[in-house]
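**Q** Input: one structure, supplied below.
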Amino acid sequence: MHVEIRQATQSDYQGISDLAMSAFGISEGPEIVQLIGDLSADVTAQPVLSLVAATHGSIVGHVLFSKVRLKPSSHKVSAAILAPLAVHPDFQSRGIGGKLISEGLRQLSHSGVDLVFVLGHPGYYPRFGFSAAGSKGFQAPYPISPKNADAWMVLELRPGIIGNTSGQVICADALADPRHWCE
Ligand SMILES: CC(C)(COP(=O)(O)OP(=O)(O)OC[C@H]1O[C@@H](n2cnc3c(N)ncnc32)[C@H](O)[C@@H]1OP(=O)(O)O)[C@@H](O)C(=O)NCCC(=O)NCCS
């Protein structure tokens with residue numbers, strides 16, 4: 001099965017929305033669809049990197065990265081957050097999520113991003129190099145309960161940032177809603 005990873009275009013919006021509904025289900029899907037639309041239109045989220053995985057003309061995976069900043073601000077550090085990520089249930093466990101993440105990280109690194117954050121499954125993201133962010137001095141936009149502390153993770157794309165920078169992560173307005181921060 002050939003899966004193409006490419007940048008999303010305007011005409012992919014419906015395909016991405018359908019995919020998000022399939023992956024997240026009826027309870028979470030509508031909120032995720034709304035989030036994707038809001039982030040794409042939100043000036044505080046820019047630049048966003050939106051990648052799709054497509055096969056036989058259908059979108060089977062999607063990942064979105066949006067800009068975040070650190071408080072206190074550090075003009076020397078550029079950072080992004082990965083959210084959301086979805087792979088169609090019929091295509092999961094074939095490495096598509098991994099391809100989307102790896103390609104996203106490659107493109108972010110190329111465009112000068114230093115740090116990437118994620119709030120997600122601690123059993124999944126460490127295989128791409130993510131590790132606990134709180135213990136490295138990076139607070140999430142909203143407090144994460146201690147029992148889920150491992151879900152708040154960071155990855156360094158430019159060596160030497162972690163250990164020399166810390167602070168609270170301020171995300172885009174569209175992501176700055178506590179309901180997006182319940183892990
Ligand atoms: C999470 C998700 C994006 C992974 O996509 P994928 O294409 O299936 O992932 P990959 O094929 O790259 O990796 C599959 C591996 O990830 C593991 N994995 C998938 N979801 C996981 C989870 N929630 N926690 C831990 N591991 C997970 C699988 O068990 C599999 O492990 P293996 O390689 O040891 O067999 C996909 O399952 C999905 O869309 N889930 C629903 C939406 C969601 O939860 N999004 C992420 C929000 S943080």
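Following the order of the structure tokens, chains are lettered A, B, ..., residues in each are numbered from 1, and ligands are numbered from 1.
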Can you tell me which residues sit at most 9 Å away from ligand 1, counting only C-alpha atoms and all ligand atoms, written as an MDAnalysis selection string?
**A** chainID A and resid 19:20 22:25 61:63 82:89 91:101 118:125 151 183
**Q** Using C-alpha atoms, can you export the residues from the last selection as a PDB file, in the first residue's frame?
**A**
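Output contents, as saved in selection.pdb:
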ATOM      1  CA  LEU A  19     -11.125  11.252   8.965  1.00  0.00           C
ATOM      2  CA  ALA A  20     -11.135  13.015  12.352  1.00  0.00           C
ATOM      3  CA  SER A  22     -13.773   8.263  12.125  1.00  0.00           C
ATOM      4  CA  ALA A  23     -10.661   8.297  14.305  1.00  0.00           C
ATOM      5  CA  PHE A  24     -12.031  10.173  17.327  1.00  0.00           C
ATOM      6  CA  GLY A  25     -15.640   9.002  17.168  1.00  0.00           C
ATOM      7  CA  GLY A  61      -4.212  10.301   8.240  1.00  0.00           C
ATOM      8  CA  HIS A  62      -3.666  13.868   9.352  1.00  0.00           C
ATOM      9  CA  VAL A  63      -1.402  15.756  11.720  1.00  0.00           C
ATOM     10  CA  LEU A  82       1.550  18.617  17.794  1.00  0.00           C
ATOM     11  CA  ALA A  83      -2.259  18.462  17.958  1.00  0.00           C
ATOM     12  CA  PRO A  84      -4.271  16.766  16.700  1.00  0.00           C
ATOM     13  CA  LEU A  85      -3.080  13.527  15.108  1.00  0.00           C
ATOM     14  CA  ALA A  86      -5.468  11.009  13.600  1.00  0.00           C
ATOM     15  CA  VAL A  87      -5.268   7.861  11.494  1.00  0.00           C
ATOM     16  CA  HIS A  88      -8.381   6.174  10.122  1.00  0.00           C
ATOM     17  CA  PRO A  89      -9.205   3.046  12.194  1.00  0.00           C
ATOM     18  CA  PHE A  91      -5.391   2.022   8.504  1.00  0.00           C
ATOM     19  CA  GLN A  92      -3.984   2.087  12.047  1.00  0.00           C
ATOM     20  CA  SER A  93      -0.881   0.167  13.156  1.00  0.00           C
ATOM     21  CA  ARG A  94       0.682   0.377   9.686  1.00  0.00           C
ATOM     22  CA  GLY A  95       3.119   3.131  10.534  1.00  0.00           C
ATOM     23  CA  ILE A  96       1.060   5.983   9.066  1.00  0.00           C
ATOM     24  CA  GLY A  97       0.923   7.943  12.333  1.00  0.00           C
ATOM     25  CA  GLY A  98       4.672   7.516  12.602  1.00  0.00           C
ATOM     26  CA  LYS A  99       5.257   8.711   9.055  1.00  0.00           C
ATOM     27  CA  LEU A 100       3.156  11.822   9.664  1.00  0.00           C
ATOM     28  CA  ILE A 101       5.056  12.641  12.842  1.00  0.00           C
ATOM     29  CA  VAL A 118       2.681  17.221  22.652  1.00  0.00           C
ATOM     30  CA  LEU A 119       0.036  16.185  25.152  1.00  0.00           C
ATOM     31  CA  GLY A 120      -0.577  12.575  24.262  1.00  0.00           C
ATOM     32  CA  HIS A 121      -0.127   8.908  24.920  1.00  0.00           C
ATOM     33  CA  PRO A 122       3.155   8.336  26.799  1.00  0.00           C
ATOM     34  CA  GLY A 123       3.272   4.852  25.285  1.00  0.00           C
ATOM     35  CA  TYR A 124       3.345   6.225  21.746  1.00  0.00           C
ATOM     36  CA  TYR A 125       5.282   9.471  21.368  1.00  0.00           C
ATOM     37  CA  ALA A 151       1.564  12.704  28.872  1.00  0.00           C
ATOM     38  CA  GLU A 183      -5.481  13.996  29.229  1.00  0.00           C
TER      39      GLU A 183
END
**Q** Write out as a list in words the residues lying within 10 Å of Arg6 in chain A, counting only C-alpha atoms and excluding same-chain residues fewer than 5 positions away.
**A**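 Returned residues: Ser50, Leu51, Val52, Ala53, Ala54, His62, Leu100, Glu103 and Gly104 of chain A.
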**Q** Using N, CA and C atoms, can you export the residues from the last selection as an mmCIF file, in the first residue's frame?
**A**
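again_32.cif, freshly written:
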data_model
loop_
_atom_site.group_PDB
_atom_site.id
_atom_site.type_symbol
_atom_site.label_atom_id
_atom_site.label_comp_id
_atom_site.auth_asym_id
_atom_site.auth_seq_id
_atom_site.Cartn_x
_atom_site.Cartn_y
_atom_site.Cartn_z
ATOM 1 N N SER A 50 0.268 21.447 8.397
ATOM 2 C CA SER A 50 -0.837 20.494 8.319
ATOM 3 C C SER A 50 -0.498 19.481 7.233
ATOM 4 N N LEU A 51 -0.297 18.233 7.644
ATOM 5 C CA LEU A 51 0.093 17.175 6.697
ATOM 6 C C LEU A 51 -0.994 16.118 6.636
ATOM 7 N N VAL A 52 -1.229 15.595 5.443
ATOM 8 C CA VAL A 52 -2.160 14.480 5.297
ATOM 9 C C VAL A 52 -1.418 13.263 4.776
ATOM 10 N N ALA A 53 -1.968 12.097 5.120
ATOM 11 C CA ALA A 53 -1.540 10.831 4.524
ATOM 12 C C ALA A 53 -2.660 10.414 3.593
ATOM 13 N N ALA A 54 -2.328 10.182 2.336
ATOM 14 C CA ALA A 54 -3.358 9.852 1.351
ATOM 15 C C ALA A 54 -2.994 8.566 0.627
ATOM 16 N N HIS A 62 -3.878 12.406 9.313
ATOM 17 C CA HIS A 62 -3.666 13.868 9.352
ATOM 18 C C HIS A 62 -2.953 14.236 10.644
ATOM 19 N N LEU A 100 3.618 10.428 9.563
ATOM 20 C CA LEU A 100 3.156 11.822 9.664
ATOM 21 C C LEU A 100 3.990 12.593 10.678
ATOM 22 N N GLU A 103 7.713 13.041 9.309
ATOM 23 C CA GLU A 103 7.797 14.035 8.242
ATOM 24 C C GLU A 103 7.538 15.439 8.801
ATOM 25 N N GLY A 104 6.592 15.534 9.729
ATOM 26 C CA GLY A 104 6.327 16.838 10.354
ATOM 27 C C GLY A 104 7.557 17.355 11.083
#
**Q** Just how far from CA of Leu155 in chain A is CA of Leu39 in chain A, in Å to one decimal?
**A**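 Here the two named atoms are 21.4 Å from each other.
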**Q** Considering only C-alpha atoms, can you say which of A:Cys182, A:Ala41, A:Val169, A:Leu175 comes closest to Ser73 in chain A?
**A** A:Val169
**Q** At a cut-off of 12 Å, using only C-alpha atoms, what residues contact Leu115 in chain A? Leave out same-chain residues fewer than 4 positions from it and give the result as an mmCIF file with C-alpha atoms, in the first residue's frame.
**A**
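Just written: selection33.cif:
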data_model
loop_
_atom_site.group_PDB
_atom_site.id
_atom_site.type_symbol
_atom_site.label_atom_id
_atom_site.label_comp_id
_atom_site.auth_asym_id
_atom_site.auth_seq_id
_atom_site.Cartn_x
_atom_site.Cartn_y
_atom_site.Cartn_z
ATOM 1 C CA PHE A 65 1.446 21.390 14.275
ATOM 2 C CA SER A 66 0.848 24.973 15.421
ATOM 3 C CA LYS A 67 3.075 27.649 16.840
ATOM 4 C CA VAL A 68 3.508 28.119 20.606
ATOM 5 C CA ARG A 69 5.612 30.543 22.561
ATOM 6 C CA LEU A 70 7.332 30.373 25.908
ATOM 7 C CA LYS A 76 15.907 32.704 20.539
ATOM 8 C CA VAL A 77 13.615 29.691 20.792
ATOM 9 C CA SER A 78 11.008 28.721 18.230
ATOM 10 C CA ALA A 79 8.469 26.109 19.317
ATOM 11 C CA ALA A 80 5.438 24.226 18.047
ATOM 12 C CA ILE A 81 2.865 21.791 19.391
ATOM 13 C CA LEU A 82 1.550 18.617 17.794
ATOM 14 C CA LEU A 105 9.390 16.896 12.591
ATOM 15 C CA LEU A 108 9.717 21.787 11.312
ATOM 16 C CA SER A 109 13.419 21.242 11.853
ATOM 17 C CA SER A 111 12.124 25.650 9.038
ATOM 18 C CA GLY A 129 12.060 11.123 20.715
ATOM 19 C CA PHE A 130 9.514 12.847 22.937
ATOM 20 C CA SER A 131 10.006 12.683 26.712
ATOM 21 C CA ALA A 133 8.413 18.002 29.576
ATOM 22 C CA PHE A 138 8.264 23.324 30.664
ATOM 23 C CA MET A 153 6.095 15.783 26.445
ATOM 24 C CA VAL A 154 8.744 17.711 24.551
ATOM 25 C CA LEU A 155 11.215 16.920 21.797
ATOM 26 C CA GLU A 156 14.292 18.954 20.984
ATOM 27 C CA LEU A 157 15.019 19.522 17.288
ATOM 28 C CA ARG A 158 18.040 21.728 17.958
ATOM 29 C CA PRO A 159 20.484 20.302 20.498
ATOM 30 C CA GLY A 160 21.272 22.444 23.511
ATOM 31 C CA ILE A 161 17.852 24.019 24.068
ATOM 32 C CA ILE A 162 16.624 21.744 26.848
ATOM 33 C CA THR A 165 15.419 27.226 28.435
ATOM 34 C CA SER A 166 12.325 26.768 30.535
ATOM 35 C CA VAL A 169 4.051 27.065 27.033
#
**Q** To one decimal place, how far is CA of Tyr13 in chain A from CA of Ser58 in chain A in Å?
**A**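 Taking CA of Tyr13 in chain A and CA of Ser58 in chain A, their separation equals 12.0 Å.
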**Q** Which one of A:Gly163, A:Gly134, A:Pro126, A:Pro30 sits closest to Ala149 in chain A if you count only C-alpha atoms?
**A**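 Smallest distance to Ala149 in chain A is found for A:Gly134.
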**Q** Can you work out the spacing between CA of Ala140 in chain A and CA of Ala176 in chain A in Å, to one decimal?
**A**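 Straight-line distance from CA of Ala140 in chain A to CA of Ala176 in chain A works out to 10.6 Å.
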**Q** With distances taken over only C-alpha atoms, which of A:Ala172, A:Arg127, A:His180, A:Val60 is nearest to Tyr142 in chain A?
**A**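 Ranked by minimum distance to Tyr142 in chain A, first place goes to A:His180.
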**Q** List every residue of chain A that DSSP, applied to the backbone, labels as strand (DSSP E or B), and write the result as a PyMOL selection string.
**A** chain A and resi 4-7+49-55+58-71+79-87+115-119+131-132+138-139+152-156+162+165+167-170
**Q** Any chance you can output those residues with C-alpha atoms as a compact mmCIF listing (two decimals), in the first residue's frame?
**A**
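Listed below is the output, again-v2.txt:
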# COMPACT_ATOMS: atom_id res chain seq x y z
CA GLU A 4 1.70 9.67 0.27
CA ILE A 5 2.50 12.23 2.96
CA ARG A 6 1.92 15.76 1.70
CA GLN A 7 0.92 19.22 2.86
CA LEU A 49 2.03 22.69 9.45
CA SER A 50 -0.84 20.49 8.32
CA LEU A 51 0.09 17.18 6.70
CA VAL A 52 -2.16 14.48 5.30
CA ALA A 53 -1.54 10.83 4.52
CA ALA A 54 -3.36 9.85 1.35
CA THR A 55 -3.83 6.57 -0.43
CA SER A 58 -8.52 9.16 0.21
CA ILE A 59 -7.19 10.90 3.27
CA VAL A 60 -6.37 8.27 5.88
CA GLY A 61 -4.21 10.30 8.24
CA HIS A 62 -3.67 13.87 9.35
CA VAL A 63 -1.40 15.76 11.72
CA LEU A 64 -1.32 19.42 12.60
CA PHE A 65 1.45 21.39 14.27
CA SER A 66 0.85 24.97 15.42
CA LYS A 67 3.07 27.65 16.84
CA VAL A 68 3.51 28.12 20.61
CA ARG A 69 5.61 30.54 22.56
CA LEU A 70 7.33 30.37 25.91
CA LYS A 71 6.68 32.63 28.87
CA ALA A 79 8.47 26.11 19.32
CA ALA A 80 5.44 24.23 18.05
CA ILE A 81 2.86 21.79 19.39
CA LEU A 82 1.55 18.62 17.79
CA ALA A 83 -2.26 18.46 17.96
CA PRO A 84 -4.27 16.77 16.70
CA LEU A 85 -3.08 13.53 15.11
CA ALA A 86 -5.47 11.01 13.60
CA VAL A 87 -5.27 7.86 11.49
CA LEU A 115 11.18 22.46 20.36
CA VAL A 116 8.01 20.48 19.74
CA PHE A 117 5.49 19.76 22.50
CA VAL A 118 2.68 17.22 22.65
CA LEU A 119 0.04 16.19 25.15
CA SER A 131 10.01 12.68 26.71
CA ALA A 132 8.40 14.19 29.80
CA PHE A 138 8.26 23.32 30.66
CA GLN A 139 4.80 23.86 32.11
CA TRP A 152 3.02 16.22 28.61
CA MET A 153 6.10 15.78 26.44
CA VAL A 154 8.74 17.71 24.55
CA LEU A 155 11.21 16.92 21.80
CA GLU A 156 14.29 18.95 20.98
CA ILE A 162 16.62 21.74 26.85
CA THR A 165 15.42 27.23 28.43
CA GLY A 167 8.95 28.35 31.09
CA GLN A 168 5.25 28.00 30.48
CA VAL A 169 4.05 27.07 27.03
CA ILE A 170 1.50 29.52 25.64
